[in-house]
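File shown: target01.tsv. Contents: TSV, N, CA and C atoms.
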chain	number	residue	atom	x	y	z
L	81	MET	N	-9.18	-13.13	9.29
L	81	MET	CA	-8.11	-12.17	9.22
L	81	MET	C	-8.71	-10.83	8.79
L	82	PRO	N	-8.50	-9.79	9.59
L	82	PRO	CA	-9.07	-8.49	9.21
L	82	PRO	C	-8.32	-7.88	8.02
L	83	ALA	N	-9.08	-7.47	7.04
L	83	ALA	CA	-8.52	-6.79	5.87
L	83	ALA	C	-8.86	-5.31	5.99
L	84	MET	N	-8.22	-4.50	5.17
L	84	MET	CA	-8.45	-3.06	5.22
L	84	MET	C	-8.19	-2.42	3.86
L	85	THR	N	-8.61	-1.18	3.73
L	85	THR	CA	-8.25	-0.37	2.58
L	85	THR	C	-7.48	0.84	3.07
L	86	TYR	N	-6.77	1.47	2.16
L	86	TYR	CA	-6.07	2.71	2.48
L	86	TYR	C	-6.10	3.60	1.23
L	87	THR	N	-6.33	4.88	1.46
L	87	THR	CA	-6.48	5.83	0.37
L	87	THR	C	-5.19	6.62	0.21
L	88	LEU	N	-4.75	6.72	-1.04
L	88	LEU	CA	-3.49	7.38	-1.37
L	88	LEU	C	-3.74	8.58	-2.27
L	89	ARG	N	-2.97	9.64	-2.07
L	89	ARG	CA	-2.95	10.77	-2.99
L	89	ARG	C	-1.58	10.80	-3.66
L	90	TRP	N	-1.62	10.83	-4.99
L	90	TRP	CA	-0.41	10.77	-5.80
L	90	TRP	C	0.10	12.17	-6.15
L	91	PRO	N	1.32	12.29	-6.64
L	91	PRO	CA	1.87	13.61	-6.96
L	91	PRO	C	1.03	14.42	-7.96
L	92	ASP	N	0.23	13.76	-8.79
L	92	ASP	CA	-0.62	14.47	-9.74
L	92	ASP	C	-1.99	14.82	-9.14
L	93	ALA	N	-2.14	14.64	-7.82
L	93	ALA	CA	-3.34	14.94	-7.05
L	93	ALA	C	-4.46	13.91	-7.25
L	94	SER	N	-4.22	12.86	-8.04
L	94	SER	CA	-5.21	11.79	-8.15
L	94	SER	C	-5.20	10.97	-6.87
L	95	GLU	N	-6.31	10.31	-6.61
L	95	GLU	CA	-6.44	9.48	-5.42
L	95	GLU	C	-6.85	8.07	-5.81
L	96	THR	N	-6.32	7.11	-5.09
L	96	THR	CA	-6.69	5.72	-5.29
L	96	THR	C	-6.92	5.07	-3.93
L	97	THR	N	-7.73	4.04	-3.94
L	97	THR	CA	-7.94	3.25	-2.74
L	97	THR	C	-7.33	1.88	-2.98
L	98	ALA	N	-6.50	1.46	-2.04
L	98	ALA	CA	-5.78	0.20	-2.16
L	98	ALA	C	-6.27	-0.77	-1.09
L	99	TYR	N	-5.95	-2.05	-1.28
L	99	TYR	CA	-6.41	-3.13	-0.41
L	99	TYR	C	-5.22	-3.82	0.25
L	100	SER	N	-5.42	-4.20	1.50
L	100	SER	CA	-4.46	-5.06	2.21
L	100	SER	C	-5.24	-6.14	2.95
L	101	PRO	N	-4.77	-7.39	2.88
L	101	PRO	CA	-5.46	-8.47	3.59
L	101	PRO	C	-5.15	-8.48	5.09
L	102	SER	N	-4.37	-7.52	5.54
L	102	SER	CA	-3.96	-7.46	6.94
L	102	SER	C	-3.88	-6.01	7.39
L	103	LEU	N	-4.06	-5.79	8.67
L	103	LEU	CA	-3.95	-4.44	9.23
L	103	LEU	C	-2.51	-3.97	9.38
L	104	VAL	N	-1.55	-4.77	8.95
L	104	VAL	CA	-0.14	-4.44	9.11
L	104	VAL	C	0.22	-3.11	8.44
L	105	ILE	N	-0.52	-2.70	7.44
L	105	ILE	CA	-0.26	-1.43	6.76
L	105	ILE	C	-0.23	-0.28	7.77
L	106	GLN	N	-1.09	-0.37	8.77
L	106	GLN	CA	-1.15	0.69	9.79
L	106	GLN	C	0.13	0.79	10.61
L	107	ASP	N	0.93	-0.27	10.62
L	107	ASP	CA	2.20	-0.23	11.33
L	107	ASP	C	3.28	0.50	10.55
L	108	TYR	N	3.05	0.72	9.27
L	108	TYR	CA	4.06	1.31	8.39
L	108	TYR	C	3.74	2.72	7.92
L	109	PHE	N	2.46	3.09	7.97
L	109	PHE	CA	2.04	4.39	7.46
L	109	PHE	C	1.09	5.07	8.43
L	110	ALA	N	1.04	6.39	8.34
L	110	ALA	CA	0.15	7.17	9.18
L	110	ALA	C	-0.74	8.05	8.31
L	111	PRO	N	-2.03	8.12	8.60
L	111	PRO	CA	-2.91	9.00	7.84
L	111	PRO	C	-2.42	10.45	7.89
L	112	GLY	N	-2.46	11.09	6.74
L	112	GLY	CA	-2.01	12.48	6.64
L	112	GLY	C	-0.53	12.63	6.34
L	113	GLN	N	0.22	11.57	6.47
L	113	GLN	CA	1.67	11.63	6.25
L	113	GLN	C	2.00	11.43	4.78
L	114	ALA	N	2.96	12.20	4.28
L	114	ALA	CA	3.45	12.05	2.91
L	114	ALA	C	4.80	11.35	2.95
L	115	TYR	N	5.06	10.52	1.95
L	115	TYR	CA	6.28	9.72	1.89
L	115	TYR	C	6.94	9.90	0.52
L	116	ALA	N	8.25	10.03	0.51
L	116	ALA	CA	8.98	10.03	-0.76
L	116	ALA	C	8.70	8.71	-1.45
L	117	LEU	N	8.68	8.73	-2.77
L	117	LEU	CA	8.29	7.53	-3.53
L	117	LEU	C	9.10	6.30	-3.15
L	118	ASP	N	10.42	6.44	-3.09
L	118	ASP	CA	11.26	5.27	-2.77
L	118	ASP	C	10.97	4.74	-1.37
L	119	ASP	N	10.83	5.64	-0.41
L	119	ASP	CA	10.54	5.24	0.97
L	119	ASP	C	9.17	4.57	1.04
L	120	PHE	N	8.20	5.16	0.38
L	120	PHE	CA	6.85	4.60	0.37
L	120	PHE	C	6.86	3.18	-0.20
L	121	LEU	N	7.53	3.01	-1.34
L	121	LEU	CA	7.54	1.70	-1.99
L	121	LEU	C	8.27	0.67	-1.15
L	122	GLN	N	9.36	1.05	-0.52
L	122	GLN	CA	10.10	0.12	0.34
L	122	GLN	C	9.22	-0.34	1.50
L	123	LYS	N	8.55	0.61	2.16
L	123	LYS	CA	7.67	0.27	3.28
L	123	LYS	C	6.49	-0.60	2.81
L	124	LEU	N	5.93	-0.24	1.67
L	124	LEU	CA	4.78	-0.99	1.17
L	124	LEU	C	5.16	-2.42	0.79
L	125	ARG	N	6.30	-2.60	0.17
L	125	ARG	CA	6.75	-3.95	-0.17
L	125	ARG	C	6.92	-4.80	1.09
L	126	GLU	N	7.51	-4.21	2.12
L	126	GLU	CA	7.72	-4.95	3.37
L	126	GLU	C	6.37	-5.28	4.02
L	127	ALA	N	5.48	-4.30	4.10
L	127	ALA	CA	4.17	-4.54	4.71
L	127	ALA	C	3.36	-5.57	3.93
L	128	THR	N	3.41	-5.48	2.61
L	128	THR	CA	2.67	-6.45	1.78
L	128	THR	C	3.26	-7.84	1.95
L	129	GLY	N	4.57	-7.94	2.06
L	129	GLY	CA	5.20	-9.23	2.31
L	129	GLY	C	4.74	-9.85	3.62
L	130	ILE	N	4.65	-9.03	4.66
L	130	ILE	CA	4.18	-9.53	5.95
L	130	ILE	C	2.71	-9.95	5.85
L	131	ALA	N	1.91	-9.13	5.19
L	131	ALA	CA	0.49	-9.46	5.02
L	131	ALA	C	0.34	-10.78	4.27
L	132	ASN	N	1.10	-10.95	3.20
L	132	ASN	CA	1.04	-12.20	2.44
L	132	ASN	C	1.51	-13.39	3.27
L	133	ASP	N	2.52	-13.19	4.10
L	133	ASP	CA	2.98	-14.27	4.99
L	133	ASP	C	1.87	-14.68	5.96
L	134	ARG	N	1.14	-13.69	6.45
L	134	ARG	CA	0.04	-13.99	7.38
L	134	ARG	C	-1.07	-14.77	6.68
L	135	VAL	N	-1.39	-14.36	5.47
L	135	VAL	CA	-2.41	-15.07	4.70
L	135	VAL	C	-1.95	-16.50	4.40
L	136	ARG	N	-0.69	-16.63	3.99
L	136	ARG	CA	-0.12	-17.95	3.67
L	136	ARG	C	-0.16	-18.85	4.89
L	137	ALA	N	0.17	-18.31	6.07
L	137	ALA	CA	0.16	-19.11	7.29
L	137	ALA	C	-1.25	-19.59	7.64
L	138	LYS	N	-2.24	-18.77	7.36
L	138	LYS	CA	-3.61	-19.12	7.70
L	138	LYS	C	-4.29	-19.99	6.65
L	139	PHE	N	-4.04	-19.69	5.35
L	139	PHE	CA	-4.78	-20.35	4.28
L	139	PHE	C	-3.94	-21.25	3.38
L	140	GLY	N	-2.62	-21.16	3.51
L	140	GLY	CA	-1.75	-22.01	2.71
L	140	GLY	C	-1.34	-21.41	1.37
L	141	PHE	N	-1.72	-20.17	1.11
L	141	PHE	CA	-1.34	-19.49	-0.13
L	141	PHE	C	-1.36	-17.99	0.11
L	142	ALA	N	-0.59	-17.26	-0.71
L	142	ALA	CA	-0.52	-15.81	-0.58
L	142	ALA	C	-1.79	-15.18	-1.16
L	143	CYS	N	-2.01	-13.93	-0.84
L	143	CYS	CA	-3.18	-13.19	-1.33
L	143	CYS	C	-2.87	-12.59	-2.69
L	144	SER	N	-3.49	-13.13	-3.72
L	144	SER	CA	-3.22	-12.63	-5.08
L	144	SER	C	-3.70	-11.19	-5.24
L	145	ARG	N	-4.77	-10.83	-4.55
L	145	ARG	CA	-5.25	-9.44	-4.63
L	145	ARG	C	-4.21	-8.47	-4.10
L	146	ALA	N	-3.56	-8.81	-3.00
L	146	ALA	CA	-2.52	-7.95	-2.44
L	146	ALA	C	-1.32	-7.86	-3.38
L	147	SER	N	-0.96	-8.97	-3.98
L	147	SER	CA	0.17	-8.98	-4.94
L	147	SER	C	-0.16	-8.14	-6.16
L	148	ASP	N	-1.39	-8.26	-6.67
L	148	ASP	CA	-1.82	-7.45	-7.80
L	148	ASP	C	-1.85	-5.97	-7.43
L	149	GLN	N	-2.29	-5.68	-6.22
L	149	GLN	CA	-2.34	-4.29	-5.75
L	149	GLN	C	-0.94	-3.70	-5.70
L	150	LEU	N	0.00	-4.46	-5.18
L	150	LEU	CA	1.39	-4.00	-5.12
L	150	LEU	C	1.93	-3.71	-6.51
L	151	ALA	N	1.66	-4.58	-7.46
L	151	ALA	CA	2.12	-4.37	-8.84
L	151	ALA	C	1.53	-3.09	-9.43
L	152	ASP	N	0.26	-2.83	-9.16
L	152	ASP	CA	-0.38	-1.61	-9.63
L	152	ASP	C	0.27	-0.38	-9.02
L	153	ILE	N	0.53	-0.42	-7.74
L	153	ILE	CA	1.15	0.72	-7.05
L	153	ILE	C	2.58	0.90	-7.55
L	154	GLU	N	3.32	-0.17	-7.77
L	154	GLU	CA	4.67	-0.05	-8.32
L	154	GLU	C	4.63	0.66	-9.68
L	155	ALA	N	3.65	0.34	-10.51
L	155	ALA	CA	3.53	0.99	-11.82
L	155	ALA	C	3.21	2.47	-11.65
L	156	ARG	N	2.36	2.82	-10.70
L	156	ARG	CA	2.04	4.23	-10.44
L	156	ARG	C	3.27	4.98	-9.95
L	157	VAL	N	4.03	4.37	-9.06
L	157	VAL	CA	5.26	4.99	-8.57
L	157	VAL	C	6.22	5.24	-9.74
L	158	ALA	N	6.34	4.26	-10.61
L	158	ALA	CA	7.25	4.41	-11.76
L	158	ALA	C	6.84	5.58	-12.65
L	159	ARG	N	5.56	5.82	-12.80
L	159	ARG	CA	5.09	6.94	-13.63
L	159	ARG	C	5.47	8.29	-13.04
L	160	HIS	N	5.62	8.36	-11.73
L	160	HIS	CA	5.94	9.62	-11.06
L	160	HIS	C	7.42	9.73	-10.66
L	161	ALA	N	8.19	8.71	-10.94
L	161	ALA	CA	9.56	8.63	-10.44
L	161	ALA	C	10.46	9.76	-10.93
L	162	GLY	N	10.21	10.32	-12.08
L	162	GLY	CA	11.07	11.38	-12.61
L	162	GLY	C	10.78	12.76	-12.06
L	163	GLN	N	9.78	12.89	-11.22
L	163	GLN	CA	9.40	14.19	-10.68
L	163	GLN	C	10.19	14.49	-9.41
L	164	PRO	N	10.95	15.57	-9.41
L	164	PRO	CA	11.72	15.92	-8.20
L	164	PRO	C	10.80	16.13	-7.00
L	165	GLY	N	11.14	15.52	-5.90
L	165	GLY	CA	10.39	15.69	-4.66
L	165	GLY	C	9.03	15.04	-4.64
L	166	ALA	N	8.75	14.16	-5.59
L	166	ALA	CA	7.44	13.51	-5.65
L	166	ALA	C	7.18	12.69	-4.39
L	167	GLN	N	5.94	12.78	-3.89
L	167	GLN	CA	5.55	12.07	-2.69
L	167	GLN	C	4.18	11.43	-2.86
L	168	VAL	N	3.94	10.41	-2.07
L	168	VAL	CA	2.63	9.79	-1.95
L	168	VAL	C	2.13	10.11	-0.54
L	169	GLN	N	0.90	10.57	-0.46
L	169	GLN	CA	0.32	10.85	0.85
L	169	GLN	C	-0.72	9.77	1.18
L	170	VAL	N	-0.62	9.25	2.38
L	170	VAL	CA	-1.62	8.31	2.87
L	170	VAL	C	-2.72	9.15	3.50
L	171	LEU	N	-3.90	9.10	2.92
L	171	LEU	CA	-4.99	9.95	3.39
L	171	LEU	C	-5.78	9.34	4.53
L	172	ALA	N	-6.10	8.04	4.40
L	172	ALA	CA	-6.96	7.41	5.41
L	172	ALA	C	-6.90	5.91	5.31
L	173	PHE	N	-7.28	5.27	6.40
L	173	PHE	CA	-7.50	3.83	6.44
L	173	PHE	C	-9.00	3.59	6.52
L	174	GLY	N	-9.42	2.45	6.00
L	174	GLY	CA	-10.83	2.14	6.05
L	174	GLY	C	-11.07	0.65	6.05
L	175	PRO	N	-12.33	0.27	6.16
L	175	PRO	CA	-12.67	-1.16	6.13
L	175	PRO	C	-12.52	-1.71	4.72
L	176	ALA	N	-12.26	-2.99	4.63
L	176	ALA	CA	-12.17	-3.64	3.32
L	176	ALA	C	-13.56	-3.72	2.72
L	177	ASP	N	-13.59	-3.67	1.40
L	177	ASP	CA	-14.88	-3.76	0.72
L	177	ASP	C	-15.31	-5.19	0.49
Give the structure from the file, written as structure tokens.
Amino acid sequence: MPAMTYTLRWPDASETTAYSPSLVIQDYFAPGQAYALDDFLQKLREATGIANDRVRAKFGFACSRASDQLADIEARVARHAGQPGAQVQVLAFGPAD
């Protein structure tokens, strides 16, 4: 199963690289595009759910790394939630490490 990374820029201009066990992330986000926090989180939860379903179908269990990654991103979103107009920008997709 092809895995990937994706780089995010947060409202405070910090950048993080996240992991997905599936290329499905590319179906939900576009490099260079910025997303309102709520929209971003909704799309990410759906994409991560699909990725975990694919892993579960192939290996019999969900990807704990993807679940941990989602929890980390949810915490980052919560830190920026009070900022009017806050957005997350998807900078790039890359190969998994």
* To do: May I have the residues within 12 Å of stretch 130-134 of chain L as a list in words, using only C-alpha atoms and disregarding those fewer than 6 positions away in the same chain?
  =>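 In the requested form, the answer reads Met81, Pro82, Ala83, Met84, Tyr99, Ser100, Pro101, Ser102, Leu103, Val104, Ile105, Gln106, Asp107, Tyr108, Lys123, Leu124, Gly140, Phe141, Ala142, Cys143, Ser144, Arg145, Ala146, Ser147, Asp148, Gln149 and Leu150 of chain L.
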* Residue list (alpha helix (DSSP H), DSSP) for stretch 82-121 of chain L, as a ChimeraX atom specification -> /L:105-108,117-121
* Asked: Quick one: residues within 9 Å of stretch 169-172 of chain L, only C-alpha atoms counted, chain neighbours fewer than 3 positions away excluded, as number ranges by chain?
  -> L: 85-91, 95, 109-116
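The space separating atom CA of L:Val135 from atom CA of L:Ser94 comes to 29.9 Å.
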* Run DSSP on the backbone and grab whatever in stretch 81-151 of chain L lands in strand (DSSP E or B); send it over as a ChimeraX atom specification. => /L:84-89,95-100,114-116
* In Å, how far is it from atom N of L:Glu154 to atom CA of L:Glu126? ->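 Separation of atom N of L:Glu154 and atom CA of L:Glu126: 12.9 Å.
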* Asked: Just how far from atom N of L:Thr96 is atom N of L:Asp177, in Å to one decimal?
  -> 14.5 Å
Please enclose the listed atoms of stretch 110-128 of chain L in an axis-aligned box, pad each side by 8 Å, and write out the centre and the three edge lengths in Å, rounded to one decimal, as JSON.
{"center_x": 4.2, "center_y": 2.4, "center_z": 2.8, "size_x": 30.2, "size_y": 36.5, "size_z": 28.7}
Write stretch 100-123 of chain L as a short mmCIF file (atom, residue, chain, number, x, y, z; two decimals), keeping the file's coordinate frame, completed to N, CA, C and O atoms.
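Output file part_0.cif is given in full below:
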data_model
loop_
_atom_site.label_atom_id
_atom_site.label_comp_id
_atom_site.auth_asym_id
_atom_site.auth_seq_id
_atom_site.Cartn_x
_atom_site.Cartn_y
_atom_site.Cartn_z
N SER L 100 -5.42 -4.20 1.50
CA SER L 100 -4.46 -5.06 2.21
C SER L 100 -5.24 -6.14 2.95
O SER L 100 -6.24 -5.84 3.60
N PRO L 101 -4.77 -7.39 2.88
CA PRO L 101 -5.46 -8.47 3.59
C PRO L 101 -5.15 -8.48 5.09
O PRO L 101 -5.62 -9.34 5.82
N SER L 102 -4.37 -7.52 5.54
CA SER L 102 -3.96 -7.46 6.94
C SER L 102 -3.88 -6.01 7.39
O SER L 102 -3.63 -5.11 6.59
N LEU L 103 -4.06 -5.79 8.67
CA LEU L 103 -3.95 -4.44 9.23
C LEU L 103 -2.51 -3.97 9.38
O LEU L 103 -2.27 -2.85 9.84
N VAL L 104 -1.55 -4.77 8.95
CA VAL L 104 -0.14 -4.44 9.11
C VAL L 104 0.22 -3.11 8.44
O VAL L 104 1.16 -2.43 8.86
N ILE L 105 -0.52 -2.70 7.44
CA ILE L 105 -0.26 -1.43 6.76
C ILE L 105 -0.23 -0.28 7.77
O ILE L 105 0.56 0.64 7.65
N GLN L 106 -1.09 -0.37 8.77
CA GLN L 106 -1.15 0.69 9.79
C GLN L 106 0.13 0.79 10.61
O GLN L 106 0.37 1.82 11.24
N ASP L 107 0.93 -0.27 10.62
CA ASP L 107 2.20 -0.23 11.33
C ASP L 107 3.28 0.50 10.55
O ASP L 107 4.32 0.85 11.10
N TYR L 108 3.05 0.72 9.27
CA TYR L 108 4.06 1.31 8.39
C TYR L 108 3.74 2.72 7.92
O TYR L 108 4.63 3.47 7.52
N PHE L 109 2.46 3.09 7.97
CA PHE L 109 2.04 4.39 7.46
C PHE L 109 1.09 5.07 8.43
O PHE L 109 0.41 4.40 9.21
N ALA L 110 1.04 6.39 8.34
CA ALA L 110 0.15 7.17 9.18
C ALA L 110 -0.74 8.05 8.31
O ALA L 110 -0.24 8.67 7.36
N PRO L 111 -2.03 8.12 8.60
CA PRO L 111 -2.91 9.00 7.84
C PRO L 111 -2.42 10.45 7.89
O PRO L 111 -2.00 10.94 8.94
N GLY L 112 -2.46 11.09 6.74
CA GLY L 112 -2.01 12.48 6.64
C GLY L 112 -0.53 12.63 6.34
O GLY L 112 -0.08 13.72 5.98
N GLN L 113 0.22 11.57 6.47
CA GLN L 113 1.67 11.63 6.25
C GLN L 113 2.00 11.43 4.78
O GLN L 113 1.39 10.60 4.11
N ALA L 114 2.96 12.20 4.28
CA ALA L 114 3.45 12.05 2.91
C ALA L 114 4.80 11.35 2.95
O ALA L 114 5.61 11.57 3.87
N TYR L 115 5.06 10.52 1.95
CA TYR L 115 6.28 9.72 1.89
C TYR L 115 6.94 9.90 0.52
O TYR L 115 6.24 9.86 -0.50
N ALA L 116 8.25 10.03 0.51
CA ALA L 116 8.98 10.03 -0.76
C ALA L 116 8.70 8.71 -1.45
O ALA L 116 8.50 7.68 -0.80
N LEU L 117 8.68 8.73 -2.77
CA LEU L 117 8.29 7.53 -3.53
C LEU L 117 9.10 6.30 -3.15
O LEU L 117 8.53 5.23 -2.94
N ASP L 118 10.42 6.44 -3.09
CA ASP L 118 11.26 5.27 -2.77
C ASP L 118 10.97 4.74 -1.37
O ASP L 118 10.89 3.53 -1.15
N ASP L 119 10.83 5.64 -0.41
CA ASP L 119 10.54 5.24 0.97
C ASP L 119 9.17 4.57 1.04
O ASP L 119 9.01 3.52 1.68
N PHE L 120 8.20 5.16 0.38
CA PHE L 120 6.85 4.60 0.37
C PHE L 120 6.86 3.18 -0.20
O PHE L 120 6.31 2.26 0.39
N LEU L 121 7.53 3.01 -1.34
CA LEU L 121 7.54 1.70 -1.99
C LEU L 121 8.27 0.67 -1.15
O LEU L 121 7.82 -0.48 -1.03
N GLN L 122 9.36 1.05 -0.52
CA GLN L 122 10.10 0.12 0.34
C GLN L 122 9.22 -0.34 1.50
O GLN L 122 9.11 -1.54 1.79
N LYS L 123 8.55 0.61 2.16
CA LYS L 123 7.67 0.27 3.28
C LYS L 123 6.49 -0.60 2.81
O LYS L 123 6.12 -1.56 3.48
#
